[in-house]
Every structure is written in C-alpha cells, then in structure tokens.
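Trainee: So that you have it, the file is entry-v8.tsv, and it contains TSV, C-alpha atoms and all ligand atoms:
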chain	number	residue	atom	x	y	z
A	229	MET	CA	0.00	0.00	0.00
A	230	GLU	CA	1.25	3.43	-0.93
A	231	LEU	CA	0.77	6.58	1.10
A	232	ARG	CA	-0.55	9.60	-0.80
A	233	ASN	CA	-1.34	13.09	0.46
A	234	MET	CA	-2.00	13.99	4.07
A	235	MET	CA	-5.76	14.40	4.32
A	236	TYR	CA	-5.99	15.78	7.82
A	237	GLU	CA	-3.82	16.63	10.80
A	238	GLY	CA	-5.51	16.54	14.19
A	239	LYS	CA	-4.19	17.21	17.66
A	240	ALA	CA	-2.79	13.71	18.17
A	241	LYS	CA	-2.82	12.07	14.74
A	242	LYS	CA	-2.21	12.63	11.05
A	243	VAL	CA	-4.37	10.86	8.48
A	244	PHE	CA	-3.08	9.99	5.01
A	245	GLU	CA	-4.88	8.86	1.88
A	246	THR	CA	-3.51	5.79	0.12
A	247	ASP	CA	-3.66	4.32	-3.38
A	248	ASP	CA	-6.79	2.46	-2.19
A	249	PRO	CA	-9.74	4.89	-1.92
A	250	ASN	CA	-11.26	2.80	0.89
A	251	VAL	CA	-8.10	2.74	3.02
A	252	LEU	CA	-6.50	5.50	5.08
A	253	VAL	CA	-3.33	5.44	7.17
A	254	VAL	CA	-3.35	6.94	10.66
A	255	ASP	CA	-0.04	8.21	12.03
A	256	TYR	CA	0.07	8.72	15.81
A	257	LYS	CA	2.03	11.72	17.15
A	258	ASP	CA	3.54	12.38	20.58
A	259	ASP	CA	1.74	15.74	20.74
A	260	ALA	CA	-0.68	16.19	23.59
A	261	THR	CA	-3.27	18.90	24.13
A	262	ALA	CA	-5.87	19.55	26.76
A	263	PHE	CA	-8.72	21.99	27.38
A	264	ASN	CA	-9.55	22.22	23.68
A	265	GLY	CA	-5.96	22.86	22.66
A	266	LEU	CA	-5.22	25.58	25.25
A	267	LYS	CA	-2.59	23.42	26.95
A	268	LYS	CA	0.04	21.91	24.67
A	269	GLY	CA	2.86	19.48	25.30
A	270	THR	CA	4.65	16.34	24.27
A	271	ILE	CA	4.37	12.91	25.81
A	272	VAL	CA	7.45	11.09	24.54
A	273	GLY	CA	6.57	7.67	23.09
A	274	LYS	CA	2.81	8.25	23.37
A	275	GLY	CA	2.22	7.81	19.63
A	276	VAL	CA	3.74	4.34	19.63
A	277	ILE	CA	1.84	3.27	22.76
A	278	ASN	CA	-1.52	4.66	21.62
A	279	ASN	CA	-1.17	3.09	18.18
A	280	GLN	CA	-0.30	-0.36	19.51
A	281	MET	CA	-2.79	-0.22	22.40
A	282	SER	CA	-5.68	0.86	20.18
A	283	ASN	CA	-4.91	-1.92	17.75
A	284	ILE	CA	-4.78	-4.61	20.43
A	285	LEU	CA	-8.09	-3.40	21.91
A	286	MET	CA	-9.85	-2.97	18.57
A	287	GLN	CA	-8.91	-6.49	17.52
A	288	GLY	CA	-10.31	-7.77	20.81
A	289	LEU	CA	-13.51	-5.81	20.21
A	290	GLU	CA	-13.88	-7.22	16.70
A	291	LYS	CA	-13.87	-10.70	18.26
A	292	ARG	CA	-16.65	-9.55	20.60
A	293	GLY	CA	-18.79	-8.40	17.69
A	294	VAL	CA	-18.01	-4.67	17.65
A	295	PRO	CA	-16.98	-3.69	14.10
A	296	THR	CA	-14.00	-1.32	13.99
A	297	HIS	CA	-12.01	0.63	11.43
A	298	PHE	CA	-8.87	-1.45	12.08
A	299	ILE	CA	-7.22	-3.16	9.08
A	300	LYS	CA	-3.52	-3.66	9.78
A	301	GLU	CA	-0.71	-2.27	11.90
A	302	LEU	CA	1.96	-1.03	9.48
A	303	SER	CA	4.63	0.22	11.86
A	304	GLU	CA	5.16	1.48	15.41
A	305	ARG	CA	3.12	4.62	14.72
A	306	GLN	CA	1.11	3.84	11.58
A	307	THR	CA	-2.01	1.77	11.04
A	308	ALA	CA	-4.14	1.14	7.97
A	309	VAL	CA	-7.81	1.78	8.69
A	310	LYS	CA	-11.07	1.75	6.75
A	311	ARG	CA	-11.99	5.13	5.32
A	312	VAL	CA	-15.00	6.37	7.28
A	313	LYS	CA	-16.95	9.54	7.71
A	314	ILE	CA	-16.65	10.28	11.42
A	315	LEU	CA	-20.03	10.84	13.11
A	316	PRO	CA	-19.56	14.24	14.80
A	317	LEU	CA	-20.45	12.73	18.16
A	318	GLU	CA	-18.13	12.05	21.06
A	319	VAL	CA	-19.56	9.12	22.97
A	320	ILE	CA	-18.62	9.07	26.65
A	321	ILE	CA	-19.29	6.20	29.03
A	322	ARG	CA	-18.70	6.62	32.75
A	323	ASN	CA	-18.53	3.95	35.44
A	324	ILE	CA	-17.23	6.24	38.18
A	325	ALA	CA	-17.66	10.01	38.63
A	326	ALA	CA	-14.66	12.08	37.50
A	327	GLY	CA	-13.65	15.02	35.33
A	328	SER	CA	-16.41	17.12	33.79
A	329	PHE	CA	-19.17	14.98	35.36
A	330	SER	CA	-17.89	15.66	38.86
A	331	LYS	CA	-17.51	19.36	38.09
A	332	ARG	CA	-20.87	19.81	36.37
A	333	TYR	CA	-22.97	17.95	38.92
A	334	GLY	CA	-20.91	18.57	42.07
A	335	VAL	CA	-20.16	14.89	42.65
A	336	GLU	CA	-16.97	13.78	44.35
A	337	GLU	CA	-14.47	12.05	42.04
A	338	GLY	CA	-14.51	8.34	42.71
A	339	LYS	CA	-18.24	7.83	43.36
A	340	VAL	CA	-19.06	4.49	41.76
A	341	PHE	CA	-22.29	4.56	39.73
A	342	LYS	CA	-24.89	1.82	40.19
A	343	GLN	CA	-24.90	1.49	36.41
A	344	PRO	CA	-22.76	3.02	33.66
A	345	THR	CA	-23.88	6.33	32.14
A	346	ILE	CA	-23.66	7.41	28.54
A	347	GLU	CA	-23.46	10.95	27.21
A	348	PHE	CA	-22.79	12.63	23.90
A	349	SER	CA	-20.87	15.74	22.92
A	350	TYR	CA	-21.12	17.51	19.60
A	351	LYS	CA	-17.65	17.06	18.05
A	352	ASN	CA	-16.99	20.70	17.24
A	353	ASP	CA	-13.85	22.39	18.58
A	354	ASP	CA	-15.10	25.90	17.72
A	355	LEU	CA	-18.06	25.36	20.03
A	356	GLY	CA	-16.00	23.53	22.68
A	357	ASP	CA	-17.66	20.12	22.09
A	358	PRO	CA	-20.98	20.96	23.82
A	359	LEU	CA	-23.00	18.22	25.50
A	360	LEU	CA	-26.10	17.12	23.62
A	361	ASN	CA	-28.94	14.67	24.00
A	362	ASP	CA	-30.42	12.26	21.45
A	363	ASP	CA	-32.99	14.74	20.17
A	364	HIS	CA	-30.34	17.44	19.71
A	365	ALA	CA	-28.31	14.98	17.65
A	366	PHE	CA	-31.35	14.33	15.43
A	367	ALA	CA	-32.19	18.06	15.18
A	368	LEU	CA	-28.61	18.72	14.04
A	369	GLU	CA	-28.90	15.72	11.67
A	370	LEU	CA	-25.71	14.22	13.06
A	371	CYS	CA	-27.08	10.68	12.74
A	372	THR	CA	-30.31	8.72	12.39
A	373	LYS	CA	-32.26	7.07	15.22
A	374	GLU	CA	-31.12	3.65	14.05
A	375	GLU	CA	-27.50	4.76	13.94
A	376	LEU	CA	-27.69	6.20	17.47
A	377	GLU	CA	-29.25	2.98	18.80
A	378	LEU	CA	-26.37	1.02	17.27
A	379	VAL	CA	-23.80	3.48	18.62
A	380	LYS	CA	-25.26	3.09	22.14
A	381	LYS	CA	-25.32	-0.69	21.87
A	382	TYR	CA	-21.70	-0.82	20.70
A	383	ALA	CA	-20.58	1.74	23.32
A	384	PHE	CA	-21.88	-0.42	26.18
A	385	MET	CA	-20.27	-3.51	24.56
A	386	VAL	CA	-16.99	-1.57	24.45
A	387	ASN	CA	-17.44	-0.73	28.14
A	388	ASP	CA	-18.02	-4.38	29.10
A	389	TYR	CA	-14.95	-5.47	27.16
A	390	LEU	CA	-12.65	-2.69	28.38
A	391	LYS	CA	-13.71	-3.07	32.01
A	392	GLU	CA	-12.79	-6.75	31.82
A	393	VAL	CA	-9.46	-6.20	30.05
A	394	TRP	CA	-8.35	-3.41	32.36
A	395	LYS	CA	-9.48	-5.37	35.44
A	396	SER	CA	-7.18	-8.20	34.40
A	397	CYS	CA	-4.38	-5.59	34.31
A	398	GLY	CA	-5.13	-4.38	37.86
A	399	ILE	CA	-6.69	-1.23	36.44
A	400	THR	CA	-10.12	0.29	37.07
A	401	LEU	CA	-11.85	1.77	34.02
A	402	VAL	CA	-13.34	5.05	35.25
A	403	ASP	CA	-14.62	6.46	31.96
A	404	PHE	CA	-13.74	6.78	28.28
A	405	LYS	CA	-14.56	8.57	25.05
A	406	ILE	CA	-15.01	6.83	21.72
A	407	GLU	CA	-15.97	7.89	18.22
A	408	PHE	CA	-17.75	6.07	15.44
A	409	GLY	CA	-17.59	6.39	11.68
A	410	LYS	CA	-19.58	5.30	8.67
A	411	THR	CA	-17.95	3.34	5.83
A	412	ALA	CA	-18.81	3.90	2.17
A	413	ASP	CA	-21.49	1.18	2.38
A	414	GLY	CA	-23.08	2.82	5.45
A	415	THR	CA	-21.74	0.42	8.10
A	416	ILE	CA	-21.19	2.01	11.52
A	417	VAL	CA	-17.76	1.08	12.92
A	418	LEU	CA	-15.73	2.09	15.96
A	419	ALA	CA	-13.04	4.55	14.82
A	420	ASP	CA	-10.47	6.94	16.32
A	421	GLU	CA	-8.49	5.40	19.21
A	422	ILE	CA	-8.69	3.75	22.62
A	423	SER	CA	-5.73	4.77	24.77
A	424	PRO	CA	-4.75	6.54	28.00
A	425	ASP	CA	-5.55	9.76	26.08
A	426	THR	CA	-9.18	8.74	25.83
A	427	CYS	CA	-9.77	6.60	28.95
A	428	ARG	CA	-9.46	7.34	32.65
A	429	LEU	CA	-7.52	4.45	34.12
A	430	TRP	CA	-6.83	4.13	37.85
A	431	ASP	CA	-4.61	1.57	39.52
A	432	SER	CA	-7.06	-0.85	41.15
A	433	LYS	CA	-5.15	-0.98	44.45
A	434	THR	CA	-3.97	2.61	44.93
A	435	ASN	CA	-6.35	4.58	42.66
A	436	GLU	CA	-3.23	6.22	41.19
A	437	LYS	CA	-4.07	7.90	37.88
A	438	LEU	CA	-2.47	6.10	34.92
A	439	ASP	CA	-3.84	8.24	32.08
A	440	LYS	CA	-3.82	11.66	30.44
A	441	ASP	CA	-5.14	13.32	33.60
A	442	ARG	CA	-1.46	13.25	34.70
A	443	PHE	CA	-0.79	15.66	31.82
A	444	ARG	CA	-4.05	17.65	32.16
A	445	ARG	CA	-3.47	18.19	35.90
A	446	ASP	CA	0.36	18.52	35.87
A	447	LEU	CA	0.81	15.46	38.08
A	448	GLY	CA	4.14	14.41	36.51
A	449	GLY	CA	5.13	10.86	35.57
A	450	VAL	CA	3.06	11.02	32.39
A	451	GLU	CA	5.33	8.86	30.21
A	452	ASP	CA	5.81	6.34	33.03
A	453	ALA	CA	2.04	5.97	33.41
A	454	TYR	CA	1.50	5.30	29.68
A	455	THR	CA	4.40	2.82	29.67
A	456	GLU	CA	3.05	1.04	32.75
A	457	VAL	CA	-0.45	0.65	31.25
A	458	MET	CA	1.01	-0.76	28.02
A	459	LYS	CA	3.27	-3.14	29.95
A	460	ARG	CA	0.33	-4.46	31.95
A	461	LEU	CA	-1.83	-4.85	28.82
A	462	ARG	CA	0.91	-6.83	27.04
A	463	ALA	CA	1.34	-9.08	30.09
A	464	SER	CA	-2.41	-9.78	30.24
A	465	ILE	CA	-2.89	-10.91	26.61
B	501	LIG	P1	-14.48	14.54	30.81
B	501	LIG	O1	-14.74	14.06	32.20
B	501	LIG	O2	-13.44	15.62	30.73
B	501	LIG	O3	-15.74	14.88	30.09
B	501	LIG	O4	-13.83	13.29	30.02
B	501	LIG	C1	-14.51	12.06	29.91
B	501	LIG	C2	-13.60	11.05	29.20
B	501	LIG	O5	-13.38	11.45	27.85
B	501	LIG	C3	-12.23	10.90	29.82
B	501	LIG	O6	-11.89	9.51	29.81
B	501	LIG	C4	-11.30	11.65	28.90
B	501	LIG	C5	-11.98	11.57	27.57
B	501	LIG	N1	-11.81	12.76	26.76
B	501	LIG	C6	-11.28	12.65	25.50
B	501	LIG	O7	-10.91	11.57	25.05
B	501	LIG	N2	-11.17	13.79	24.74
B	501	LIG	C7	-11.55	15.01	25.18
B	501	LIG	O8	-11.40	15.99	24.45
B	501	LIG	C8	-12.10	15.10	26.50
B	501	LIG	C9	-12.55	16.43	27.03
B	501	LIG	C10	-12.23	13.96	27.23
Show the structure stored in the file as structure tokens.
Mentor:
Amino acid sequence: MELRNMMYEGKAKKVFETDDPNVLVVDYKDDATAFNGLKKGTIVGKGVINNQMSNILMQGLEKRGVPTHFIKELSERQTAVKRVKILPLEVIIRNIAAGSFSKRYGVEEGKVFKQPTIEFSYKNDDLGDPLLNDDHAFALELCTKEELELVKKYAFMVNDYLKEVWKSCGITLVDFKIEFGKTADGTIVLADEISPDTCRLWDSKTNEKLDKDRFRRDLGGVEDAYTEVMKRLRASI
C-alpha cells in the first residue's frame, strides 16, 4: 500500500490517503493537548503506545462483535484503517464520577455509579464540544435514530470489554470517550483510538491515575504511566 497526500492533521494524529480509496493510514504523534488545545505538550513515546494499544483493543472488540475501522498495523506509529466519515459525536461512558461529570454535577471524584452512564458531545472544537442529547443529535442531523441505537449498543459492549481487560491488568476503568464512523457502504464502525488519552484508568489498588489526567493536571510521571499501562496490557494478553 502506498501513502498519498495527508488528508488531515488533528491534535494527536495525522491521516493519510492511500492508493486504495477505501483505506487511510493513521499516524500517531507524541503531541498532547488539553482543554480544547489551550494546553500543549509532548508525551514522549505516546504515539507508539496509543497506536499499539488501540490496535490490540480494537482487535479484541472485533472478536466480541463490535466492528472497527482497524485493518492492519503497518509500523510502530502507523495503522491502515477503513476510510470512514466520522459521526460528529463524542460518545462518553462513565462507570465512576470524574472530570467534567464531577464538576458539572458537584459529585466527588470516585463515586461508583450503580450502572454506567452514557453521554454525547457535539464534536466541534469551535463550540467547545458541547454536551447534547439524542434529540439534539437528530435536530442537528448528526445521525439517524437507528444509527444512534447502534452506537449506544456498541458503546456499552466496548465498556463491558474494556472493564474486563483493564481489570485483568489491575486497572479500574473510570470512563472513556469513543468515536464512530460510517464506511462507504453505510456500516457504523468504531473509529479513532482507545488509549490513555481517551480513557481514565486508575490503579485498582492505589487509585493512582495512569492516564492523560497526569498531563491535564500537571501530576508528573506522564510517560511512566502510559508505559506502565502498556506493559500491563501486554502481560495480560
Ligand atoms: P471529561 O470528564 O473531561 O468529560 O472526560 C470524559 C472522558 O473522555 C475521559 O476519559 C477523557 C476523555 N476525553 C477525550 O478523550 N477527549 C476530550 O477531548 C475530552 C474532554 C475527554
């Protein structure tokens, strides 16, 4: 497969077209941002870890019946994926209160929910990714009812799988954000990435943060946390 022009450069990844119109190549960077790009930095080695971790988890999800964009890992930082149109919806599942949920509703971080919650944000940096409900998504014509039902079903399947995987690594899955895309034939697939950038991961014994909150909150030890999570994932599979 041959790489062609760069189609898009995001905050953490570049996306290239290839000689196959249905295949794109994602290239993971070490760049990190937070607070809608206000805070910028580098997490050395993050691109390699996020690429490999996402690929391991997406292959596991495929086996569980969640279709994904994954095709083939090409190198440490590059992966071939199906070309999709990203649904402009950030899908967030929470098992434990943290981050914006704790702030918005005045709930202490660490409160375990009786059942997982799902929420959606409108993927729009200019607007600061505002929260929206199902009817807002339909009013904005972001997706159809059927598509949203499927997205919800897959999101909870992702939660079940990730909770199990991270538990076997001695890690508690607090919450995560995923994105879905639509292939040329209209199939909804899991896209983007699953990594410590997009999940809150706490050590099961100590509750130590092992994710991007170390960068967001200037806690230090960012690279070590990413490396530790990857090491534990490799040991568990
Ligand atoms: P939040 O508590 O800040 O809303 O974050 C919920 C989850 O979503 C958390 O695991 C981090 C992840 N996340 C992203 O992946 N990208 C983002 O831009 C934000 C704000 C959160």
Trainee: Counting all atoms listed in the file, what are the residues, protein, DNA or RNA alike, that approach ligand LIG 501 (chain B) to within 8 Å? I want them as JSON, numbers by chain.
Mentor: {"A": [262, 263, 264, 320, 321, 322, 326, 327, 328, 329, 330, 357, 402, 403, 404, 405, 406, 424, 425, 426, 427, 428, 429, 440, 441]}
Trainee: Any idea what's packed within 8 Å of A:Trp430, counting only C-alpha atoms, ignoring anything in its chain fewer than 5 positions away? Could you give it as an NGL selection string?
Mentor: :A and (399-402 or 435-439)
Trainee: Do you have the atom CA of A:Gly338-atom CA of A:Glu421 distance handy?
Mentor: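 Separation between atom CA of A:Gly338 and atom CA of A:Glu421: 24.4 Å.
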Trainee: Figure out the distance between atom CA of A:Glu237 and atom CA of A:Val450, please, to one decimal in Å.
Mentor: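 Spanning atom CA of A:Val450 to atom CA of A:Glu237 is a straight-line distance of 23.3 Å.
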Trainee: Rank A:Pro344, A:Gly398, A:Pro316, A:Gly356 by their smallest atom-to-atom distance to A:Leu370, using only C-alpha atoms, and report the top residue only.
Mentor: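 Checking each of A:Pro344, A:Gly398, A:Pro316, A:Gly356 against A:Leu370, counting only C-alpha atoms, the winner is A:Pro316.
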Trainee: Against stretch 298-305 of chain A, which residues of stretch 328-436 of chain A fall within 10 Å? For each one I want the closest pair of atoms and the distance in Å (one decimal), counting only C-alpha atoms, rows by chain and increasing residue number, as a Markdown table.
Mentor:
| residue | atom | partner | partner_atom | distance |
| --- | --- | --- | --- | --- |
| A:Val417 | CA | A:Phe298 | CA | 9.3 |
| A:Leu418 | CA | A:Phe298 | CA | 8.6 |
| A:Ala419 | CA | A:Phe298 | CA | 7.8 |
| A:Asp420 | CA | A:Phe298 | CA | 9.5 |
| A:Glu421 | CA | A:Phe298 | CA | 9.9 |
Trainee: Looking at A:Ile422, A:Ile277, A:Met458, A:Ala240, which one is nearest to A:Thr261, with distances taken over only C-alpha atoms?
Mentor: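 Smallest separation from A:Thr261 among the options: A:Ala240.
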Trainee: In terms of the shortest atom-to-atom distance over all atoms listed in the file, which of A:Val276, A:Glu375, A:Glu245, A:Glu392 is closest to A:Asp258?
Mentor: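 Of A:Val276, A:Glu375, A:Glu245, A:Glu392, the one nearest A:Asp258, counting all atoms listed in the file, is A:Val276.
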Trainee: In Å, how far is it from atom CA of A:Gly448 to atom CA of A:Ala260?
Mentor: 13.9 Å
